[in-house]
Amino acid sequence: MFEILMILSLIILTLAILLNIYRVIKGPSSADRVQALDSIGINLIAGIAIFSVYLDTHAFFELILLIGILSFVGTIAFARFIERGVVIERKR
Amino acid sequence: MKPEPNDVILHTVSKLTAVIIFTFSIDLFWAGHHFPGGGFIGGLTTAAGIVLLYLSFDIERIQTNLPIDYKKLAALGVLISVSTGLAGMIYGDNFLEQTFGYFDLPLFGKTELATAVLFDIGVALAVIGTAVTIITSISEDGL
């Protein structure tokens, strides 16, 4: 029963990622695209967590932290680019 | 006149998060002998932390507070890796031959020390230098 629930939630997360990909491609403004990319990262983290519960292992926990870090840095870079037009400033 | 940008939240969060990222990268580096991890991914995570600092502050402030020439760092890493590879040939084995031994350290007790970690240090330094050099030189260009 519990395994069926986990498989079902993995399917739902996959559907959410697909909808996010639609928003990344279609999205009217670039802020929508950045939001959708960040949301894809969060959905990937949730999927890895459920998958490691399903496989009964803790080998993927470092992967969760790593995807969180990279998604955070990427979102900050995109936000910086939208706000200032420059990713890394020479001098403030 | 453009108002002075004020990123208090970004600065505070990125100062805290950089510490967490560097700690995690050291953990990944030391885990690499028996578990997932190693020099390459440890170096990439350290580079991500340095890039986060570069993103939230500016290049000049990071260069004054962290005065590292990343090109020389990459070259030093490659030198360390190749020389640990050549050390195996000096003792009559193959290139990149690794060895390990058990030692009694005062605080840790019986500890396994391997020469693979020297090679991994070289890989990590090369990866940090290359990644940070690529990202900063891309960002400087054409603006």
# chains A, B, ... in the order shown; residues from 1 in each chain; ligands from 1

$ residues_around --residues "Ala87 of chain B" --least-positions-apart "5" --cutoff "12 Å" --atoms "only C-alpha atoms" --output "PyMOL selection string"
chain B and resi 80-82+92-99+115-116+118-119

$ write_last_selection --atoms "N, CA, C and O atoms" --output "PDB file, in the first residue's frame"
ATOM      1  N   ILE B  80      50.506  19.031  -8.714  1.00  0.00           N
ATOM      2  CA  ILE B  80      50.432  18.082  -7.591  1.00  0.00           C
ATOM      3  C   ILE B  80      49.953  16.719  -8.077  1.00  0.00           C
ATOM      4  O   ILE B  80      50.515  15.675  -7.725  1.00  0.00           O
ATOM      5  N   SER B  81      48.898  16.718  -8.933  1.00  0.00           N
ATOM      6  CA  SER B  81      48.355  15.441  -9.412  1.00  0.00           C
ATOM      7  C   SER B  81      49.387  14.664 -10.202  1.00  0.00           C
ATOM      8  O   SER B  81      49.587  13.464  -9.982  1.00  0.00           O
ATOM      9  N   VAL B  82      50.080  15.352 -11.135  1.00  0.00           N
ATOM     10  CA  VAL B  82      51.035  14.642 -11.978  1.00  0.00           C
ATOM     11  C   VAL B  82      52.221  14.156 -11.153  1.00  0.00           C
ATOM     12  O   VAL B  82      52.720  13.046 -11.351  1.00  0.00           O
ATOM     13  N   GLY B  92      59.169   2.257  -8.636  1.00  0.00           N
ATOM     14  CA  GLY B  92      59.223   1.071  -9.479  1.00  0.00           C
ATOM     15  C   GLY B  92      57.890   0.472  -9.843  1.00  0.00           C
ATOM     16  O   GLY B  92      57.832  -0.633 -10.359  1.00  0.00           O
ATOM     17  N   ASP B  93      56.783   1.188  -9.575  1.00  0.00           N
ATOM     18  CA  ASP B  93      55.470   0.678  -9.960  1.00  0.00           C
ATOM     19  C   ASP B  93      54.995   1.411 -11.208  1.00  0.00           C
ATOM     20  O   ASP B  93      55.759   2.110 -11.859  1.00  0.00           O
ATOM     21  N   ASN B  94      53.705   1.228 -11.501  1.00  0.00           N
ATOM     22  CA  ASN B  94      53.146   1.893 -12.662  1.00  0.00           C
ATOM     23  C   ASN B  94      52.885   3.369 -12.369  1.00  0.00           C
ATOM     24  O   ASN B  94      52.932   3.804 -11.230  1.00  0.00           O
ATOM     25  N   PHE B  95      52.578   4.107 -13.436  1.00  0.00           N
ATOM     26  CA  PHE B  95      52.129   5.490 -13.291  1.00  0.00           C
ATOM     27  C   PHE B  95      50.799   5.506 -12.546  1.00  0.00           C
ATOM     28  O   PHE B  95      49.936   4.669 -12.795  1.00  0.00           O
ATOM     29  N   LEU B  96      50.647   6.470 -11.625  1.00  0.00           N
ATOM     30  CA  LEU B  96      49.440   6.631 -10.796  1.00  0.00           C
ATOM     31  C   LEU B  96      49.208   5.459  -9.846  1.00  0.00           C
ATOM     32  O   LEU B  96      48.076   5.223  -9.438  1.00  0.00           O
ATOM     33  N   GLU B  97      50.260   4.714  -9.502  1.00  0.00           N
ATOM     34  CA  GLU B  97      50.090   3.622  -8.541  1.00  0.00           C
ATOM     35  C   GLU B  97      49.871   4.216  -7.145  1.00  0.00           C
ATOM     36  O   GLU B  97      50.594   5.118  -6.732  1.00  0.00           O
ATOM     37  N   GLN B  98      48.830   3.734  -6.464  1.00  0.00           N
ATOM     38  CA  GLN B  98      48.512   4.266  -5.138  1.00  0.00           C
ATOM     39  C   GLN B  98      48.875   3.251  -4.076  1.00  0.00           C
ATOM     40  O   GLN B  98      48.889   2.057  -4.328  1.00  0.00           O
ATOM     41  N   THR B  99      49.136   3.758  -2.876  1.00  0.00           N
ATOM     42  CA  THR B  99      49.385   2.857  -1.757  1.00  0.00           C
ATOM     43  C   THR B  99      48.722   3.421  -0.496  1.00  0.00           C
ATOM     44  O   THR B  99      48.302   4.579  -0.488  1.00  0.00           O
ATOM     45  N   THR B 115      47.724   7.498  -0.145  1.00  0.00           N
ATOM     46  CA  THR B 115      48.314   8.541  -0.981  1.00  0.00           C
ATOM     47  C   THR B 115      47.340   9.027  -2.042  1.00  0.00           C
ATOM     48  O   THR B 115      47.618  10.001  -2.733  1.00  0.00           O
ATOM     49  N   ALA B 116      46.181   8.359  -2.166  1.00  0.00           N
ATOM     50  CA  ALA B 116      45.181   8.808  -3.135  1.00  0.00           C
ATOM     51  C   ALA B 116      44.659  10.189  -2.774  1.00  0.00           C
ATOM     52  O   ALA B 116      44.214  10.933  -3.647  1.00  0.00           O
ATOM     53  N   LEU B 118      46.371  12.721  -1.796  1.00  0.00           N
ATOM     54  CA  LEU B 118      47.225  13.762  -2.381  1.00  0.00           C
ATOM     55  C   LEU B 118      46.817  14.029  -3.821  1.00  0.00           C
ATOM     56  O   LEU B 118      46.712  15.180  -4.264  1.00  0.00           O
ATOM     57  N   PHE B 119      46.571  12.926  -4.553  1.00  0.00           N
ATOM     58  CA  PHE B 119      46.079  13.075  -5.932  1.00  0.00           C
ATOM     59  C   PHE B 119      44.756  13.824  -5.957  1.00  0.00           C
ATOM     60  O   PHE B 119      44.530  14.698  -6.811  1.00  0.00           O
TER      61      PHE B 119
END

$ closest_atom_pairs --of "chain A" --to "chain B" --cutoff "7 Å" --atoms "only C-alpha atoms" --output "tab-separated table"
residue	atom	partner	partner_atom	distance
A:Val73	CA	B:Leu52	CA	6.0
A:Ala77	CA	B:Leu55	CA	6.7
A:Val87	CA	B:Ser139	CA	6.6
A:Ile88	CA	B:Leu55	CA	5.3
A:Glu89	CA	B:Asp58	CA	4.9
A:Arg90	CA	B:Ile59	CA	5.2
A:Lys91	CA	B:Asp58	CA	5.6
A:Arg92	CA	B:Asp58	CA	6.6

$ write_last_selection --atoms "N, CA, C and O atoms" --output "short mmCIF file (atom, residue, chain, number, x, y, z; two decimals), in the first residue's frame"
data_model
loop_
_atom_site.label_atom_id
_atom_site.label_comp_id
_atom_site.auth_asym_id
_atom_site.auth_seq_id
_atom_site.Cartn_x
_atom_site.Cartn_y
_atom_site.Cartn_z
N VAL A 73 22.14 28.74 -6.21
CA VAL A 73 23.09 29.62 -6.90
C VAL A 73 22.55 30.04 -8.27
O VAL A 73 22.66 31.20 -8.67
N ALA A 77 21.71 33.81 -9.57
CA ALA A 77 22.33 34.36 -10.77
C ALA A 77 21.30 34.92 -11.73
O ALA A 77 21.44 36.02 -12.27
N VAL A 87 25.66 39.76 -14.37
CA VAL A 87 25.63 38.64 -13.43
C VAL A 87 26.60 38.89 -12.28
O VAL A 87 26.24 38.82 -11.11
N ILE A 88 27.87 39.20 -12.62
CA ILE A 88 28.85 39.51 -11.57
C ILE A 88 29.32 40.93 -11.78
O ILE A 88 29.82 41.28 -12.84
N GLU A 89 29.14 41.76 -10.76
CA GLU A 89 29.48 43.17 -10.92
C GLU A 89 30.96 43.38 -10.73
O GLU A 89 31.60 42.73 -9.90
N ARG A 90 31.50 44.33 -11.51
CA ARG A 90 32.93 44.67 -11.36
C ARG A 90 33.16 45.45 -10.06
O ARG A 90 34.01 45.13 -9.27
N LYS A 91 32.39 46.50 -9.91
CA LYS A 91 32.53 47.32 -8.70
C LYS A 91 31.18 47.97 -8.43
O LYS A 91 30.53 48.44 -9.34
N ARG A 92 30.75 47.95 -7.18
CA ARG A 92 29.47 48.56 -6.85
C ARG A 92 29.60 50.07 -6.75
O ARG A 92 30.53 50.57 -6.19
#

$ closest_residue --among "B:Ile50, B:Leu16, B:Val8, B:Leu73" --to "Ala124 of chain B" --atoms "only C-alpha atoms"
B:Leu73

$ atom_distance --atom1 "atom CA of Ile62 of chain B" --atom2 "atom CA of Glu62 of chain A"
27.9 Å

$ select_by_dssp --residues "chain A" --states "helix (DSSP H, G or I)" --output "NGL selection string"
:A and (2-26 or 30-55 or 61-84)

$ write_last_selection --atoms "C-alpha atoms" --output "PDB file, in the first residue's frame"
ATOM      1  CA  PHE A   2       2.724   2.436   1.052  1.00  0.00           C
ATOM      2  CA  GLU A   3       4.809   1.566  -2.021  1.00  0.00           C
ATOM      3  CA  ILE A   4       1.839   2.271  -4.278  1.00  0.00           C
ATOM      4  CA  LEU A   5       1.462   5.653  -2.628  1.00  0.00           C
ATOM      5  CA  MET A   6       5.141   6.439  -3.184  1.00  0.00           C
ATOM      6  CA  ILE A   7       4.992   5.423  -6.848  1.00  0.00           C
ATOM      7  CA  LEU A   8       1.852   7.552  -7.229  1.00  0.00           C
ATOM      8  CA  SER A   9       3.562  10.565  -5.688  1.00  0.00           C
ATOM      9  CA  LEU A  10       6.563  10.080  -7.984  1.00  0.00           C
ATOM     10  CA  ILE A  11       4.193  10.110 -10.968  1.00  0.00           C
ATOM     11  CA  ILE A  12       2.530  13.278  -9.692  1.00  0.00           C
ATOM     12  CA  LEU A  13       5.943  14.925  -9.214  1.00  0.00           C
ATOM     13  CA  THR A  14       6.867  13.978 -12.776  1.00  0.00           C
ATOM     14  CA  LEU A  15       3.673  15.600 -14.024  1.00  0.00           C
ATOM     15  CA  ALA A  16       4.532  18.721 -12.011  1.00  0.00           C
ATOM     16  CA  ILE A  17       8.000  18.841 -13.576  1.00  0.00           C
ATOM     17  CA  LEU A  18       6.459  18.469 -17.054  1.00  0.00           C
ATOM     18  CA  LEU A  19       4.066  21.361 -16.354  1.00  0.00           C
ATOM     19  CA  ASN A  20       7.032  23.397 -15.121  1.00  0.00           C
ATOM     20  CA  ILE A  21       8.903  22.637 -18.335  1.00  0.00           C
ATOM     21  CA  TYR A  22       5.869  23.914 -20.248  1.00  0.00           C
ATOM     22  CA  ARG A  23       6.065  27.120 -18.205  1.00  0.00           C
ATOM     23  CA  VAL A  24       9.822  27.417 -18.879  1.00  0.00           C
ATOM     24  CA  ILE A  25       9.275  27.155 -22.632  1.00  0.00           C
ATOM     25  CA  LYS A  26       6.049  29.137 -22.919  1.00  0.00           C
ATOM     26  CA  SER A  30      11.537  35.797 -17.870  1.00  0.00           C
ATOM     27  CA  ALA A  31      10.560  36.003 -14.194  1.00  0.00           C
ATOM     28  CA  ASP A  32       8.075  33.173 -14.873  1.00  0.00           C
ATOM     29  CA  ARG A  33      10.851  31.108 -16.396  1.00  0.00           C
ATOM     30  CA  VAL A  34      13.149  31.640 -13.415  1.00  0.00           C
ATOM     31  CA  GLN A  35      10.353  30.691 -11.023  1.00  0.00           C
ATOM     32  CA  ALA A  36       9.641  27.559 -13.035  1.00  0.00           C
ATOM     33  CA  LEU A  37      13.329  26.535 -13.064  1.00  0.00           C
ATOM     34  CA  ASP A  38      13.549  26.963  -9.292  1.00  0.00           C
ATOM     35  CA  SER A  39      10.371  24.945  -8.904  1.00  0.00           C
ATOM     36  CA  ILE A  40      11.844  22.174 -11.095  1.00  0.00           C
ATOM     37  CA  GLY A  41      14.781  22.011  -8.677  1.00  0.00           C
ATOM     38  CA  ILE A  42      12.474  21.707  -5.667  1.00  0.00           C
ATOM     39  CA  ASN A  43      10.428  19.004  -7.383  1.00  0.00           C
ATOM     40  CA  LEU A  44      13.630  17.087  -8.197  1.00  0.00           C
ATOM     41  CA  ILE A  45      14.667  17.250  -4.533  1.00  0.00           C
ATOM     42  CA  ALA A  46      11.252  15.919  -3.453  1.00  0.00           C
ATOM     43  CA  GLY A  47      11.437  13.148  -6.045  1.00  0.00           C
ATOM     44  CA  ILE A  48      14.906  12.061  -4.902  1.00  0.00           C
ATOM     45  CA  ALA A  49      13.732  12.031  -1.269  1.00  0.00           C
ATOM     46  CA  ILE A  50      10.724   9.839  -2.094  1.00  0.00           C
ATOM     47  CA  PHE A  51      12.872   7.597  -4.264  1.00  0.00           C
ATOM     48  CA  SER A  52      15.392   7.050  -1.482  1.00  0.00           C
ATOM     49  CA  VAL A  53      12.559   6.163   0.896  1.00  0.00           C
ATOM     50  CA  TYR A  54      11.259   3.744  -1.733  1.00  0.00           C
ATOM     51  CA  LEU A  55      14.683   2.095  -2.188  1.00  0.00           C
ATOM     52  CA  PHE A  61      21.100  12.426   0.633  1.00  0.00           C
ATOM     53  CA  GLU A  62      24.233  14.259  -0.467  1.00  0.00           C
ATOM     54  CA  LEU A  63      22.668  14.569  -3.906  1.00  0.00           C
ATOM     55  CA  ILE A  64      19.674  16.341  -2.343  1.00  0.00           C
ATOM     56  CA  LEU A  65      21.948  18.895  -0.674  1.00  0.00           C
ATOM     57  CA  LEU A  66      23.956  19.344  -3.872  1.00  0.00           C
ATOM     58  CA  ILE A  67      20.890  19.982  -6.050  1.00  0.00           C
ATOM     59  CA  GLY A  68      19.620  22.427  -3.440  1.00  0.00           C
ATOM     60  CA  ILE A  69      22.913  24.366  -3.491  1.00  0.00           C
ATOM     61  CA  LEU A  70      23.154  24.473  -7.293  1.00  0.00           C
ATOM     62  CA  SER A  71      19.499  25.474  -7.690  1.00  0.00           C
ATOM     63  CA  PHE A  72      19.997  28.260  -5.129  1.00  0.00           C
ATOM     64  CA  VAL A  73      23.092  29.616  -6.897  1.00  0.00           C
ATOM     65  CA  GLY A  74      21.365  29.424 -10.290  1.00  0.00           C
ATOM     66  CA  THR A  75      18.268  31.234  -9.066  1.00  0.00           C
ATOM     67  CA  ILE A  76      20.393  33.995  -7.514  1.00  0.00           C
ATOM     68  CA  ALA A  77      22.334  34.362 -10.771  1.00  0.00           C
ATOM     69  CA  PHE A  78      19.144  34.656 -12.842  1.00  0.00           C
ATOM     70  CA  ALA A  79      17.590  37.109 -10.383  1.00  0.00           C
ATOM     71  CA  ARG A  80      20.771  39.199 -10.424  1.00  0.00           C
ATOM     72  CA  PHE A  81      20.728  39.218 -14.232  1.00  0.00           C
ATOM     73  CA  ILE A  82      17.086  40.302 -14.410  1.00  0.00           C
ATOM     74  CA  GLU A  83      17.501  42.969 -11.752  1.00  0.00           C
ATOM     75  CA  ARG A  84      20.831  44.551 -12.752  1.00  0.00           C
TER      76      ARG A  84
END

$ atom_distance --atom1 "atom CA of Gly39 of chain B" --atom2 "atom CA of Val123 of chain B"
5.5 Å

$ atom_distance --atom1 "atom CA of Leu125 of chain B" --atom2 "atom CA of Gly77 of chain B"
4.7 Å

$ decode --residues "segment 26-40 of chain A" --atoms "all heavy atoms" --output "mmCIF file, in the first residue's frame"
data_model
loop_
_atom_site.group_PDB
_atom_site.id
_atom_site.type_symbol
_atom_site.label_atom_id
_atom_site.label_comp_id
_atom_site.auth_asym_id
_atom_site.auth_seq_id
_atom_site.Cartn_x
_atom_site.Cartn_y
_atom_site.Cartn_z
ATOM 1 N N LYS A 26 7.109 28.246 -22.458
ATOM 2 C CA LYS A 26 6.049 29.137 -22.919
ATOM 3 C C LYS A 26 6.100 30.509 -22.247
ATOM 4 O O LYS A 26 5.846 31.529 -22.878
ATOM 5 C CB LYS A 26 4.696 28.451 -22.653
ATOM 6 C CG LYS A 26 3.508 29.154 -23.213
ATOM 7 C CD LYS A 26 3.440 28.913 -24.710
ATOM 8 C CE LYS A 26 2.468 29.827 -25.349
ATOM 9 N NZ LYS A 26 1.180 29.767 -25.434
ATOM 10 N N GLY A 27 6.506 30.480 -20.946
ATOM 11 C CA GLY A 27 6.354 31.588 -20.023
ATOM 12 C C GLY A 27 6.412 32.992 -20.597
ATOM 13 O O GLY A 27 7.354 33.330 -21.283
ATOM 14 N N PRO A 28 5.434 33.840 -20.332
ATOM 15 C CA PRO A 28 5.405 35.151 -20.989
ATOM 16 C C PRO A 28 6.606 36.012 -20.611
ATOM 17 O O PRO A 28 7.227 36.600 -21.482
ATOM 18 C CB PRO A 28 4.113 35.780 -20.463
ATOM 19 C CG PRO A 28 3.335 34.684 -19.877
ATOM 20 C CD PRO A 28 4.283 33.629 -19.457
ATOM 21 N N SER A 29 6.955 36.065 -19.346
ATOM 22 C CA SER A 29 8.087 36.900 -18.944
ATOM 23 C C SER A 29 9.216 36.014 -18.436
ATOM 24 O O SER A 29 9.031 34.834 -18.169
ATOM 25 C CB SER A 29 7.665 37.865 -17.844
ATOM 26 O OG SER A 29 7.398 37.151 -16.665
ATOM 27 N N SER A 30 10.408 36.614 -18.318
ATOM 28 C CA SER A 30 11.537 35.797 -17.870
ATOM 29 C C SER A 30 11.464 35.507 -16.380
ATOM 30 O O SER A 30 12.056 34.528 -15.921
ATOM 31 C CB SER A 30 12.851 36.494 -18.209
ATOM 32 O OG SER A 30 12.785 37.831 -17.820
ATOM 33 N N ALA A 31 10.740 36.311 -15.613
ATOM 34 C CA ALA A 31 10.560 36.003 -14.194
ATOM 35 C C ALA A 31 9.788 34.696 -14.022
ATOM 36 O O ALA A 31 10.103 33.886 -13.144
ATOM 37 C CB ALA A 31 9.829 37.140 -13.501
ATOM 38 N N ASP A 32 8.803 34.445 -14.908
ATOM 39 C CA ASP A 32 8.075 33.173 -14.873
ATOM 40 C C ASP A 32 9.005 32.002 -15.114
ATOM 41 O O ASP A 32 8.910 30.958 -14.456
ATOM 42 C CB ASP A 32 6.977 33.177 -15.929
ATOM 43 C CG ASP A 32 5.853 34.101 -15.553
ATOM 44 O OD1 ASP A 32 5.617 34.233 -14.351
ATOM 45 O OD2 ASP A 32 5.243 34.692 -16.463
ATOM 46 N N ARG A 33 9.927 32.205 -16.072
ATOM 47 C CA ARG A 33 10.851 31.108 -16.396
ATOM 48 C C ARG A 33 11.776 30.809 -15.226
ATOM 49 O O ARG A 33 12.059 29.640 -14.926
ATOM 50 C CB ARG A 33 11.662 31.476 -17.631
ATOM 51 C CG ARG A 33 10.827 31.585 -18.879
ATOM 52 C CD ARG A 33 11.712 31.617 -20.105
ATOM 53 N NE ARG A 33 10.901 31.552 -21.304
ATOM 54 C CZ ARG A 33 10.541 32.611 -21.998
ATOM 55 N NH1 ARG A 33 10.921 33.811 -21.609
ATOM 56 N NH2 ARG A 33 9.814 32.466 -23.078
ATOM 57 N N VAL A 34 12.249 31.861 -14.556
ATOM 58 C CA VAL A 34 13.149 31.640 -13.415
ATOM 59 C C VAL A 34 12.409 30.930 -12.293
ATOM 60 O O VAL A 34 12.921 29.988 -11.684
ATOM 61 C CB VAL A 34 13.727 32.989 -12.941
ATOM 62 C CG1 VAL A 34 14.526 32.801 -11.682
ATOM 63 C CG2 VAL A 34 14.591 33.578 -14.000
ATOM 64 N N GLN A 35 11.167 31.360 -12.043
ATOM 65 C CA GLN A 35 10.353 30.691 -11.023
ATOM 66 C C GLN A 35 10.159 29.227 -11.357
ATOM 67 O O GLN A 35 10.261 28.350 -10.495
ATOM 68 C CB GLN A 35 8.991 31.372 -10.947
ATOM 69 C CG GLN A 35 8.983 32.692 -10.230
ATOM 70 C CD GLN A 35 8.759 32.508 -8.767
ATOM 71 O OE1 GLN A 35 8.416 31.431 -8.332
ATOM 72 N NE2 GLN A 35 8.981 33.546 -7.997
ATOM 73 N N ALA A 36 9.888 28.946 -12.636
ATOM 74 C CA ALA A 36 9.641 27.559 -13.035
ATOM 75 C C ALA A 36 10.905 26.719 -12.896
ATOM 76 O O ALA A 36 10.840 25.553 -12.479
ATOM 77 C CB ALA A 36 9.124 27.513 -14.466
ATOM 78 N N LEU A 37 12.082 27.296 -13.218
ATOM 79 C CA LEU A 37 13.329 26.535 -13.064
ATOM 80 C C LEU A 37 13.608 26.220 -11.597
ATOM 81 O O LEU A 37 14.005 25.094 -11.264
ATOM 82 C CB LEU A 37 14.494 27.331 -13.644
ATOM 83 C CG LEU A 37 14.696 27.220 -15.148
ATOM 84 C CD1 LEU A 37 15.791 28.158 -15.586
ATOM 85 C CD2 LEU A 37 15.063 25.811 -15.510
ATOM 86 N N ASP A 38 13.364 27.206 -10.711
ATOM 87 C CA ASP A 38 13.549 26.963 -9.292
ATOM 88 C C ASP A 38 12.599 25.887 -8.795
ATOM 89 O O ASP A 38 12.971 25.000 -8.013
ATOM 90 C CB ASP A 38 13.318 28.272 -8.532
ATOM 91 C CG ASP A 38 13.888 28.210 -7.143
ATOM 92 O OD1 ASP A 38 14.794 27.392 -6.936
ATOM 93 O OD2 ASP A 38 13.433 28.969 -6.281
ATOM 94 N N SER A 39 11.370 25.933 -9.307
ATOM 95 C CA SER A 39 10.371 24.945 -8.904
ATOM 96 C C SER A 39 10.725 23.552 -9.404
ATOM 97 O O SER A 39 10.461 22.546 -8.729
ATOM 98 C CB SER A 39 9.017 25.395 -9.417
ATOM 99 O OG SER A 39 8.081 24.427 -9.158
ATOM 100 N N ILE A 40 11.368 23.473 -10.604
ATOM 101 C CA ILE A 40 11.844 22.174 -11.095
ATOM 102 C C ILE A 40 12.883 21.600 -10.136
ATOM 103 O O ILE A 40 12.869 20.406 -9.822
ATOM 104 C CB ILE A 40 12.427 22.314 -12.509
ATOM 105 C CG1 ILE A 40 11.314 22.453 -13.539
ATOM 106 C CG2 ILE A 40 13.270 21.110 -12.883
ATOM 107 C CD1 ILE A 40 11.824 22.692 -14.920
#
